[in-house]
Amino acid sequence: MFKKLHLLLFIGCFIVSLHSSAQIRLEVYGGPSLSYMDFETSPSDIQPQNEPYNQLSYHLGLGALTRLSDHWQLITQAELFVRSMAVRNSGDFGTGGFTYLGPTNYEMPTFALGARYTIEKEKYGFYLQPSVGFTLLPQEIRNPITAFNELHDNFNRDVDQVSPYGLGLRLEAGIKRYTRNKNYFMVGIRHQQGLRVTDEMVQTTSRPGEPEVRVAGSSRSSYTSLFIGFGLNTDNWKK
């Protein structure tokens with residue numbers, strides 16, 4: 001995780017250098033996020049013991065804004081988004097029940113380019129920001145249930161990486177509260193809707209005398225998040 005945070009910091013510094021001759025603002029932000037998974041069970045007419053589990057996680061990010069006009073800014077963002085893609089199974093195997101959550105969390109570097117429209121009201125600013133997001137998947141898709149598969153022959157799970165990257169559309173809305181020197185605190189909400197499947201999971205469960213149950217889950221690396229952050233007015237650095 002720390003290596004990825006260092007990478008984001010390096011990218012943030014690179015973004016600043018690209019905008020060094022322009023009027024810019026720098027932002028750092030973070031908060032809770034919730035990811036999404038498409039989920040299908042077959043046969044569809046049975047009551048499965050498997051269900052999707054959207055675990056609350058978090059994200060951290062850096063942003064750089066360049067002024068285009070009184071209301072518009074160009075923004076580039078670099079994030080570390082921690083995504084969960086999980087299935088809960090509380091079935092009765094053998095002598096007792098269990099609850100398994102997995103696969104667990106993946107650290108997903110995400111980058112975005114967009115435009116921000118801001119309305120200024122004295123000490124406050126209100127903004128709406130559409131953008132395009134680009135997400136990189138981990139080199140390894142981790143599957144921590146190997147030992148469990150060996151203990152229970154009637155349970156199997158396969159995880160596959162469909163694409164090494166995801167592409168999505170993002171929409172963000174927020175409120176800014178300015179300080180005396182035009183730095184600002186910010187709070188807002190963001191949603192990224194993936195346009196392509198990035199990875200998928202297939203789980204099969206079979207018991208003697210019962211039909212095989214197949215659960216298929218797929219992710220587009222979509223997520224919704226709340227965030228708080230702080231913006232820096234770099235004009236102060238030139239004084």
# chains A, B, ... in the order shown; residues from 1 in each chain; ligands from 1
>>> residues_around(residues="Val82 in chain A", least_positions_apart="4", cutoff="9 Å", atoms="only C-alpha atoms", output="ChimeraX atom specification")
/A:33,35,57-60,105-109
>>> closest_residue(among="A:Phe227, A:Trp237, A:Trp72, A:Tyr36", to="Leu128 in chain A", atoms="only C-alpha atoms")
A:Trp72
>>> residues_around(residues="Ile228 in chain A", least_positions_apart="6", cutoff="12 Å", atoms="only C-alpha atoms", output="PDB file with N, CA and C atoms, in the first residue's frame")
ATOM      1  N   GLU A  27      -5.342  19.631  -4.183  1.00  0.00           N
ATOM      2  CA  GLU A  27      -6.285  19.051  -3.233  1.00  0.00           C
ATOM      3  C   GLU A  27      -5.796  17.680  -2.761  1.00  0.00           C
ATOM      4  N   VAL A  28      -6.021  17.390  -1.503  1.00  0.00           N
ATOM      5  CA  VAL A  28      -5.812  16.058  -0.943  1.00  0.00           C
ATOM      6  C   VAL A  28      -7.116  15.668  -0.253  1.00  0.00           C
ATOM      7  N   TYR A  29      -7.570  14.436  -0.446  1.00  0.00           N
ATOM      8  CA  TYR A  29      -8.878  14.051   0.063  1.00  0.00           C
ATOM      9  C   TYR A  29      -8.919  12.560   0.368  1.00  0.00           C
ATOM     10  N   GLY A  30      -9.939  12.149   1.064  1.00  0.00           N
ATOM     11  CA  GLY A  30     -10.131  10.744   1.386  1.00  0.00           C
ATOM     12  C   GLY A  30     -11.455  10.534   2.084  1.00  0.00           C
ATOM     13  N   GLY A  31     -11.860   9.256   2.210  1.00  0.00           N
ATOM     14  CA  GLY A  31     -13.105   8.954   2.878  1.00  0.00           C
ATOM     15  C   GLY A  31     -13.582   7.547   2.576  1.00  0.00           C
ATOM     16  N   PRO A  32     -14.753   7.179   3.103  1.00  0.00           N
ATOM     17  CA  PRO A  32     -15.294   5.832   2.882  1.00  0.00           C
ATOM     18  C   PRO A  32     -15.815   5.658   1.466  1.00  0.00           C
ATOM     19  N   SER A  33     -15.750   4.426   0.975  1.00  0.00           N
ATOM     20  CA  SER A  33     -16.257   4.125  -0.366  1.00  0.00           C
ATOM     21  C   SER A  33     -16.937   2.763  -0.350  1.00  0.00           C
ATOM     22  N   TYR A  58     -12.294   2.261   1.686  1.00  0.00           N
ATOM     23  CA  TYR A  58     -11.884   3.664   1.711  1.00  0.00           C
ATOM     24  C   TYR A  58     -11.107   4.012   0.453  1.00  0.00           C
ATOM     25  N   HIS A  59     -10.868   5.304   0.248  1.00  0.00           N
ATOM     26  CA  HIS A  59     -10.027   5.767  -0.847  1.00  0.00           C
ATOM     27  C   HIS A  59      -9.298   7.033  -0.403  1.00  0.00           C
ATOM     28  N   LEU A  60      -8.130   7.268  -1.013  1.00  0.00           N
ATOM     29  CA  LEU A  60      -7.305   8.446  -0.778  1.00  0.00           C
ATOM     30  C   LEU A  60      -6.917   9.017  -2.131  1.00  0.00           C
ATOM     31  N   GLY A  61      -6.778  10.344  -2.231  1.00  0.00           N
ATOM     32  CA  GLY A  61      -6.460  10.906  -3.532  1.00  0.00           C
ATOM     33  C   GLY A  61      -5.805  12.268  -3.483  1.00  0.00           C
ATOM     34  N   LEU A  62      -5.212  12.620  -4.632  1.00  0.00           N
ATOM     35  CA  LEU A  62      -4.601  13.919  -4.866  1.00  0.00           C
ATOM     36  C   LEU A  62      -5.209  14.515  -6.134  1.00  0.00           C
ATOM     37  N   ALA A 173     -19.812  15.980  -6.786  1.00  0.00           N
ATOM     38  CA  ALA A 173     -20.405  17.232  -6.340  1.00  0.00           C
ATOM     39  C   ALA A 173     -19.862  17.538  -4.948  1.00  0.00           C
ATOM     40  N   GLY A 174     -19.586  18.820  -4.682  1.00  0.00           N
ATOM     41  CA  GLY A 174     -19.000  19.155  -3.398  1.00  0.00           C
ATOM     42  C   GLY A 174     -19.224  20.593  -2.994  1.00  0.00           C
ATOM     43  N   ILE A 175     -18.884  20.870  -1.742  1.00  0.00           N
ATOM     44  CA  ILE A 175     -18.966  22.201  -1.156  1.00  0.00           C
ATOM     45  C   ILE A 175     -17.589  22.565  -0.595  1.00  0.00           C
ATOM     46  N   LYS A 176     -17.176  23.794  -0.828  1.00  0.00           N
ATOM     47  CA  LYS A 176     -15.897  24.282  -0.318  1.00  0.00           C
ATOM     48  C   LYS A 176     -16.143  25.424   0.675  1.00  0.00           C
ATOM     49  N   ARG A 177     -15.340  25.463   1.723  1.00  0.00           N
ATOM     50  CA  ARG A 177     -15.380  26.552   2.704  1.00  0.00           C
ATOM     51  C   ARG A 177     -13.999  27.188   2.739  1.00  0.00           C
ATOM     52  N   TYR A 184      -8.967  26.086   1.292  1.00  0.00           N
ATOM     53  CA  TYR A 184     -10.346  25.703   1.566  1.00  0.00           C
ATOM     54  C   TYR A 184     -10.460  24.266   2.058  1.00  0.00           C
ATOM     55  N   PHE A 185     -11.485  24.050   2.884  1.00  0.00           N
ATOM     56  CA  PHE A 185     -11.912  22.713   3.267  1.00  0.00           C
ATOM     57  C   PHE A 185     -13.016  22.292   2.302  1.00  0.00           C
ATOM     58  N   MET A 186     -13.132  20.986   2.071  1.00  0.00           N
ATOM     59  CA  MET A 186     -14.121  20.511   1.109  1.00  0.00           C
ATOM     60  C   MET A 186     -14.769  19.222   1.608  1.00  0.00           C
ATOM     61  N   VAL A 187     -16.006  19.022   1.212  1.00  0.00           N
ATOM     62  CA  VAL A 187     -16.749  17.791   1.495  1.00  0.00           C
ATOM     63  C   VAL A 187     -17.634  17.511   0.293  1.00  0.00           C
ATOM     64  N   GLY A 188     -17.793  16.234  -0.048  1.00  0.00           N
ATOM     65  CA  GLY A 188     -18.586  15.939  -1.236  1.00  0.00           C
ATOM     66  C   GLY A 188     -18.871  14.468  -1.407  1.00  0.00           C
ATOM     67  N   ILE A 189     -19.462  14.153  -2.549  1.00  0.00           N
ATOM     68  CA  ILE A 189     -19.815  12.790  -2.915  1.00  0.00           C
ATOM     69  C   ILE A 189     -19.383  12.535  -4.356  1.00  0.00           C
ATOM     70  N   ARG A 190     -18.957  11.312  -4.633  1.00  0.00           N
ATOM     71  CA  ARG A 190     -18.470  10.956  -5.969  1.00  0.00           C
ATOM     72  C   ARG A 190     -18.999   9.579  -6.347  1.00  0.00           C
TER      73      ARG A 190
END
>>> closest_residue(among="A:Asn233, A:Ser163, A:Thr135, A:Gln203", to="Arg83 in chain A", atoms="only C-alpha atoms")
A:Thr135
>>> closest_residue(among="A:Arg196, A:Arg214, A:Arg116, A:Lys121", to="Tyr165 in chain A", atoms="only C-alpha atoms")
A:Arg196
>>> closest_residue(among="A:Phe230, A:Phe81, A:Tyr178, A:Tyr117", to="Phe134 in chain A", atoms="only C-alpha atoms")
A:Phe81
>>> atom_distance(atom1="CA of Gln193 in chain A", atom2="CA of Ile24 in chain A")
27.5 Å
>>> residues_around(residues="Thr234 in chain A", least_positions_apart="3", cutoff="9 Å", atoms="only C-alpha atoms", output="list of chain:residue names")
A:Gln23, A:Ile24, A:Arg25, A:Leu26, A:Asn183, A:Trp237, A:Lys238
>>> write_last_selection(atoms="C-alpha atoms", output="PDB file, in the first residue's frame")
ATOM      1  CA  GLN A  23      -2.941  29.385 -11.654  1.00  0.00           C
ATOM      2  CA  ILE A  24      -3.573  26.087  -9.866  1.00  0.00           C
ATOM      3  CA  ARG A  25      -5.091  24.596  -6.745  1.00  0.00           C
ATOM      4  CA  LEU A  26      -3.926  21.380  -5.099  1.00  0.00           C
ATOM      5  CA  ASN A 183      -7.240  27.784   0.958  1.00  0.00           C
ATOM      6  CA  TRP A 237       3.576  30.302  -2.388  1.00  0.00           C
ATOM      7  CA  LYS A 238       4.604  33.088  -4.762  1.00  0.00           C
TER       8      LYS A 238
END
>>> atom_distance(atom1="CA of Lys123 in chain A", atom2="CA of Thr224 in chain A")
27.6 Å
>>> closest_residue(among="A:Asp38, A:Asp199, A:Glu212, A:Asp70", to="Leu137 in chain A", atoms="only C-alpha atoms")
A:Asp199
>>> residues_around(residues="Gly217 in chain A", least_positions_apart="2", cutoff="7 Å", atoms="only C-alpha atoms", output="PyMOL selection string")
chain A and resi 37-40+200-202+215+219
>>> closest_residue(among="A:Gln55, A:Thr41, A:Thr110, A:Gln129", to="Ile75 in chain A", atoms="only C-alpha atoms")
A:Gln129
>>> residues_around(residues="Ile119 in chain A", least_positions_apart="3", cutoff="9 Å", atoms="only C-alpha atoms", output="list of chain:residue names")
A:Asp70, A:His71, A:Tyr124, A:Gly125, A:Phe126, A:Tyr127
>>> write_last_selection(atoms="N, CA, C and O atoms", output="PDB file, in the first residue's frame")
ATOM      1  N   ASP A  70     -13.731  32.028 -15.074  1.00  0.00           N
ATOM      2  CA  ASP A  70     -14.226  32.376 -13.747  1.00  0.00           C
ATOM      3  C   ASP A  70     -14.943  31.206 -13.077  1.00  0.00           C
ATOM      4  O   ASP A  70     -14.954  31.106 -11.854  1.00  0.00           O
ATOM      5  N   HIS A  71     -15.554  30.339 -13.870  1.00  0.00           N
ATOM      6  CA  HIS A  71     -16.326  29.234 -13.298  1.00  0.00           C
ATOM      7  C   HIS A  71     -15.746  27.852 -13.601  1.00  0.00           C
ATOM      8  O   HIS A  71     -16.077  26.891 -12.888  1.00  0.00           O
ATOM      9  N   TYR A 124     -17.927  30.556   0.486  1.00  0.00           N
ATOM     10  CA  TYR A 124     -18.264  29.187   0.087  1.00  0.00           C
ATOM     11  C   TYR A 124     -18.195  29.028  -1.427  1.00  0.00           C
ATOM     12  O   TYR A 124     -18.319  29.985  -2.181  1.00  0.00           O
ATOM     13  N   GLY A 125     -17.991  27.789  -1.837  1.00  0.00           N
ATOM     14  CA  GLY A 125     -18.050  27.443  -3.249  1.00  0.00           C
ATOM     15  C   GLY A 125     -18.809  26.137  -3.409  1.00  0.00           C
ATOM     16  O   GLY A 125     -18.667  25.216  -2.590  1.00  0.00           O
ATOM     17  N   PHE A 126     -19.636  26.050  -4.455  1.00  0.00           N
ATOM     18  CA  PHE A 126     -20.399  24.845  -4.768  1.00  0.00           C
ATOM     19  C   PHE A 126     -19.990  24.392  -6.163  1.00  0.00           C
ATOM     20  O   PHE A 126     -19.960  25.199  -7.087  1.00  0.00           O
ATOM     21  N   TYR A 127     -19.679  23.103  -6.309  1.00  0.00           N
ATOM     22  CA  TYR A 127     -19.185  22.674  -7.619  1.00  0.00           C
ATOM     23  C   TYR A 127     -19.780  21.336  -8.053  1.00  0.00           C
ATOM     24  O   TYR A 127     -20.217  20.521  -7.245  1.00  0.00           O
TER      25      TYR A 127
END
